[in-house]
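Undergrad: File follows, input-v7.txt with compact mmCIF, C-alpha atoms:
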```
# COMPACT_ATOMS: atom_id res chain seq x y z
CA MET P 1 -61.42 114.29 66.37
CA LEU P 2 -62.22 116.73 69.17
CA THR P 3 -61.25 119.59 66.88
CA ALA P 4 -63.70 118.49 64.19
CA ALA P 5 -66.58 118.33 66.65
CA ALA P 6 -65.61 121.69 68.11
CA GLU P 7 -65.66 123.17 64.58
CA VAL P 8 -69.23 121.96 64.06
CA LEU P 9 -70.31 123.46 67.38
CA ALA P 10 -68.54 126.77 66.75
CA ALA P 11 -70.26 127.16 63.39
CA ALA P 12 -73.63 126.48 64.97
CA ASP P 13 -72.98 129.07 67.67
CA SER P 14 -71.64 131.72 65.28
CA SER P 15 -74.51 131.28 62.84
CA GLU P 16 -76.89 132.85 65.36
CA SER P 17 -75.43 136.32 64.92
CA ALA P 18 -74.65 136.15 61.22
CA GLU P 19 -76.85 137.91 58.69
CA SER P 20 -76.72 137.38 54.98
CA ALA P 21 -78.05 139.17 51.93
CA TRP P 22 -81.43 137.64 51.44
CA ALA P 23 -83.43 137.13 48.27
CA TRP P 24 -86.73 136.08 49.88
CA ARG P 25 -87.67 139.45 51.37
CA ASP P 26 -90.75 140.04 49.17
CA ALA P 27 -91.86 136.42 48.93
CA PRO P 28 -95.30 135.36 50.19
CA ILE P 29 -95.40 133.79 53.66
CA ALA P 30 -96.24 130.37 52.18
CA THR P 31 -93.06 130.59 50.11
CA LEU P 32 -91.03 131.40 53.24
CA VAL P 33 -92.45 128.35 54.98
CA GLN P 34 -91.61 126.20 51.94
CA ARG P 35 -88.07 127.59 52.02
CA VAL P 36 -87.71 126.57 55.67
CA GLN P 37 -88.86 123.07 54.68
CA GLN P 38 -86.27 122.99 51.89
CA LEU P 39 -83.58 124.07 54.33
CA GLN P 40 -84.66 121.30 56.71
CA ASN P 41 -84.27 118.80 53.85
CA GLU P 42 -80.78 120.15 53.21
CA ARG P 43 -79.95 119.77 56.90
CA ALA P 44 -81.23 116.17 56.85
CA GLN P 45 -78.94 115.43 53.90
CA ALA P 46 -76.03 117.04 55.73
CA PHE P 47 -76.71 114.94 58.83
CA ARG P 48 -76.75 111.79 56.68
CA ARG P 49 -73.46 112.80 55.08
CA LEU P 50 -71.91 113.49 58.49
CA ASP P 51 -73.10 110.13 59.81
CA GLN P 52 -71.81 108.31 56.74
CA ALA P 53 -68.41 110.03 56.98
CA HIS P 54 -68.14 109.15 60.67
CA ARG P 55 -68.97 105.50 59.95
CA GLN P 56 -66.34 105.39 57.19
CA TYR P 57 -63.84 107.03 59.54
CA LEU P 58 -64.45 104.38 62.19
CA LEU P 59 -64.20 101.56 59.64
CA SER P 60 -60.98 102.87 58.06
CA ASP P 61 -58.84 100.26 59.82
CA LEU P 62 -56.39 100.89 62.64
CA HIS P 63 -55.03 104.08 61.10
CA HIS P 64 -58.24 106.11 60.93
CA ASP P 65 -58.54 108.40 57.93
CA PHE P 66 -59.01 111.59 59.94
CA PRO P 67 -58.15 114.04 57.10
CA SER P 68 -61.04 112.74 54.96
CA TYR P 69 -63.44 112.85 57.90
CA ARG P 70 -62.33 116.35 58.86
CA SER P 71 -62.87 117.50 55.26
CA VAL P 72 -66.47 116.24 55.33
CA VAL P 73 -67.00 117.85 58.76
CA HIS P 74 -65.80 121.15 57.30
CA GLU P 75 -68.14 120.91 54.28
CA VAL P 76 -71.10 119.90 56.44
CA THR P 77 -70.31 122.68 58.91
CA GLN P 78 -70.49 125.20 56.10
CA ALA P 79 -73.82 123.76 54.94
CA PHE P 80 -75.25 123.94 58.47
CA ALA P 81 -74.04 127.51 58.92
CA ALA P 82 -75.59 128.61 55.59
CA ALA P 83 -78.91 126.93 56.43
CA SER P 84 -78.90 128.50 59.89
CA ARG P 85 -78.27 131.98 58.51
CA GLU P 86 -81.16 131.64 56.11
CA VAL P 87 -83.54 130.19 58.72
CA LEU P 88 -82.69 133.10 61.01
CA ALA P 89 -83.36 135.52 58.16
CA VAL P 90 -86.79 133.94 57.66
CA GLU P 91 -87.44 134.26 61.38
CA ALA P 92 -86.43 137.94 61.35
CA GLU P 93 -88.66 138.60 58.36
CA LEU P 94 -91.62 136.90 60.03
CA ALA P 95 -91.06 138.61 63.37
CA GLY P 96 -90.51 142.06 61.86
CA PRO P 97 -92.01 143.25 58.57
CA ARG P 98 -94.48 140.36 58.21
CA ALA P 99 -95.85 140.68 61.77
CA GLN P 100 -96.15 136.90 62.21
CA PRO P 101 -94.78 136.44 65.76
CA VAL P 102 -96.23 132.94 66.30
CA LEU P 103 -94.74 131.63 63.08
CA ALA P 104 -91.45 133.39 63.88
CA ARG P 105 -91.34 131.67 67.30
CA HIS P 106 -91.88 128.29 65.64
CA VAL P 107 -89.03 128.95 63.24
CA ARG P 108 -86.81 130.02 66.18
CA SER P 109 -87.72 126.85 68.09
CA LEU P 110 -86.86 124.77 65.04
CA GLN P 111 -83.49 126.50 64.79
CA GLU P 112 -82.74 125.91 68.48
CA LEU P 113 -83.70 122.25 68.21
CA GLU P 114 -81.45 121.84 65.17
CA GLN P 115 -78.55 123.39 67.12
CA THR P 116 -79.19 120.97 69.96
CA ARG P 117 -79.34 118.08 67.52
CA LEU P 118 -76.08 119.10 65.88
CA ALA P 119 -74.32 119.48 69.23
CA THR P 120 -75.61 116.10 70.35
CA VAL P 121 -74.53 114.36 67.13
CA ALA P 122 -71.06 115.93 67.40
CA LEU P 123 -70.76 114.81 71.03
CA LEU P 124 -71.95 111.29 70.26
CA GLN P 125 -69.49 111.00 67.39
CA VAL P 126 -66.64 112.11 69.62
CA MET P 127 -67.69 109.74 72.38
CA GLY P 128 -68.08 106.89 69.90
CA THR P 129 -64.56 107.20 68.55
CA PRO P 130 -62.14 104.69 70.07
CA GLY P 131 -59.37 106.27 72.13
CA VAL P 132 -60.67 109.83 72.02
CA SER P 133 -61.72 110.06 75.65
CA GLU P 134 -58.28 108.85 76.70
CA GLN P 135 -56.59 111.46 74.44
CA ASP P 136 -57.76 114.56 76.25
CA PRO P 137 -60.37 113.84 78.94
CA GLU P 138 -60.55 117.48 80.05
CA LYS P 139 -61.30 118.71 76.52
CA LEU P 140 -63.95 116.01 76.12
CA HIS P 141 -65.48 117.04 79.45
CA GLN P 142 -65.61 120.69 78.33
CA LEU P 143 -67.24 119.64 75.04
CA LYS P 144 -69.90 117.68 76.94
CA ILE P 145 -70.66 120.70 79.09
CA LYS P 146 -70.83 123.00 76.06
CA CYS P 147 -73.21 120.60 74.31
CA MET P 148 -75.54 119.65 77.09
CA LEU P 149 -75.83 122.13 79.94
CA PRO P 150 -77.19 125.12 77.98
CA ARG P 151 -79.82 122.91 76.37
CA MET P 152 -80.90 121.48 79.73
CA CYS P 153 -81.25 124.99 81.12
CA MET P 154 -83.56 125.89 78.23
CA GLY P 155 -85.81 123.02 79.27
CA ILE P 156 -85.56 121.20 75.96
CA MET P 157 -84.79 117.85 77.55
CA SER P 158 -87.01 115.92 79.90
CA PRO P 159 -85.87 115.57 83.54
CA THR P 160 -84.97 111.92 82.93
CA VAL P 161 -82.77 112.75 79.93
CA SER P 162 -81.29 115.75 81.76
CA SER P 163 -80.38 113.50 84.67
CA ALA P 164 -78.70 111.03 82.33
CA PHE P 165 -76.64 113.78 80.68
CA ARG P 166 -75.75 115.28 84.05
CA SER P 167 -74.16 111.98 84.98
CA LEU P 168 -72.03 112.25 81.83
CA THR P 169 -70.89 115.81 82.46
CA MET P 170 -70.40 116.03 86.23
CA PRO P 171 -68.18 114.02 88.53
CA THR P 172 -70.23 111.34 90.28
CA ALA P 173 -69.40 112.67 93.75
CA THR P 174 -71.14 115.98 93.06
CA LEU P 175 -74.43 114.53 91.81
CA ALA P 176 -77.43 115.09 94.01
CA PRO P 177 -80.12 112.41 94.14
CA VAL P 178 -82.74 112.94 91.45
```
What would you get if you wrote out this structure as structure tokens?

TA:
Amino acid sequence: MLTAAAEVLAAADSSESAESAWAWRDAPIATLVQRVQQLQNERAQAFRRLDQAHRQYLLSDLHHDFPSYRSVVHEVTQAFAAASREVLAVEAELAGPRAQPVLARHVRSLQELEQTRLATVALLQVMGTPGVSEQDPEKLHQLKIKCMLPRMCMGIMSPTVSSAFRSLTMPTATLAPV
């Protein structure tokens, strides 16, 4: 289970630097915005599929059907990576040749929020799986840190939410009063 979540996170991280051949280069700006909306719809479908697969995995009796769940995680990971590459290509097009820096920043913010959402969903699925935290607590701790600390540093989460996540990722003895 930890491996499946780590695969989702690795794909999200690696998609930032990937570039793909891109067919939208000469499209009007309105068409680029519509494409981003289409990609968001695809991401929403992928999130629903991931959630459904996780629910089925948890309901698959005492002997959880991990191979089926891992297969869906792999497919969804590929869909997220492809959407991320294309969103980043739209951002690059808007920031560069189209000279639309404000729109490009909005697209970048959307991409960063989607990465945060994906990392959070992966972490919640791992944490919601019976017996996982007992399997390898150190690996789970590292996954929590990878998911949450960079996002808190970017200021995406409110101080209240950041404080709640800090309590999940740091030993209680090292927490300072908030």

Undergrad: To one decimal place, how far is CA of Gln37 (chain P) from CA of Gln78 (chain P) in Å?

TA: 18.5 Å

Undergrad: Mind pulling up the distance from CA of Asp65 (chain P) to CA of Leu123 (chain P)?

TA: 19.0 Å

Undergrad: Taking into account only C-alpha atoms, which residue in the set P:Phe47, P:Arg25, P:Val121, P:Ala53 is nearest to Arg70 (chain P)?

TA: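 Of all the options, P:Ala53 lies closest to Arg70 (chain P).
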
Undergrad: Between P:Val73, P:Ala122, P:Val87, P:Ile145, single out the one closest to Ala46 (chain P), counting all atoms listed in the file.

TA: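 The shortest atom-to-atom distance to Ala46 (chain P) comes from P:Val73.
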
Undergrad: Would you list the contacts of His54 (chain P) as a ChimeraX atom specification, taking every protein, DNA or RNA residue within 9 Å and counting all atoms listed in the file, but skipping same-chain residues closer than 5 positions in sequence?

TA: /P:49,59,69,73,125,129

Undergrad: How many Å separate CA of Leu39 (chain P) from CA of Ala83 (chain P)?

TA: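 CA of Ala83 (chain P) lies 5.9 Å from CA of Leu39 (chain P).
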
Undergrad: Using only C-alpha atoms, find the one residue out of P:Asp61, P:Ala23, P:Arg35, P:Ile29 that sits nearest to Ala95 (chain P).

TA: P:Ile29
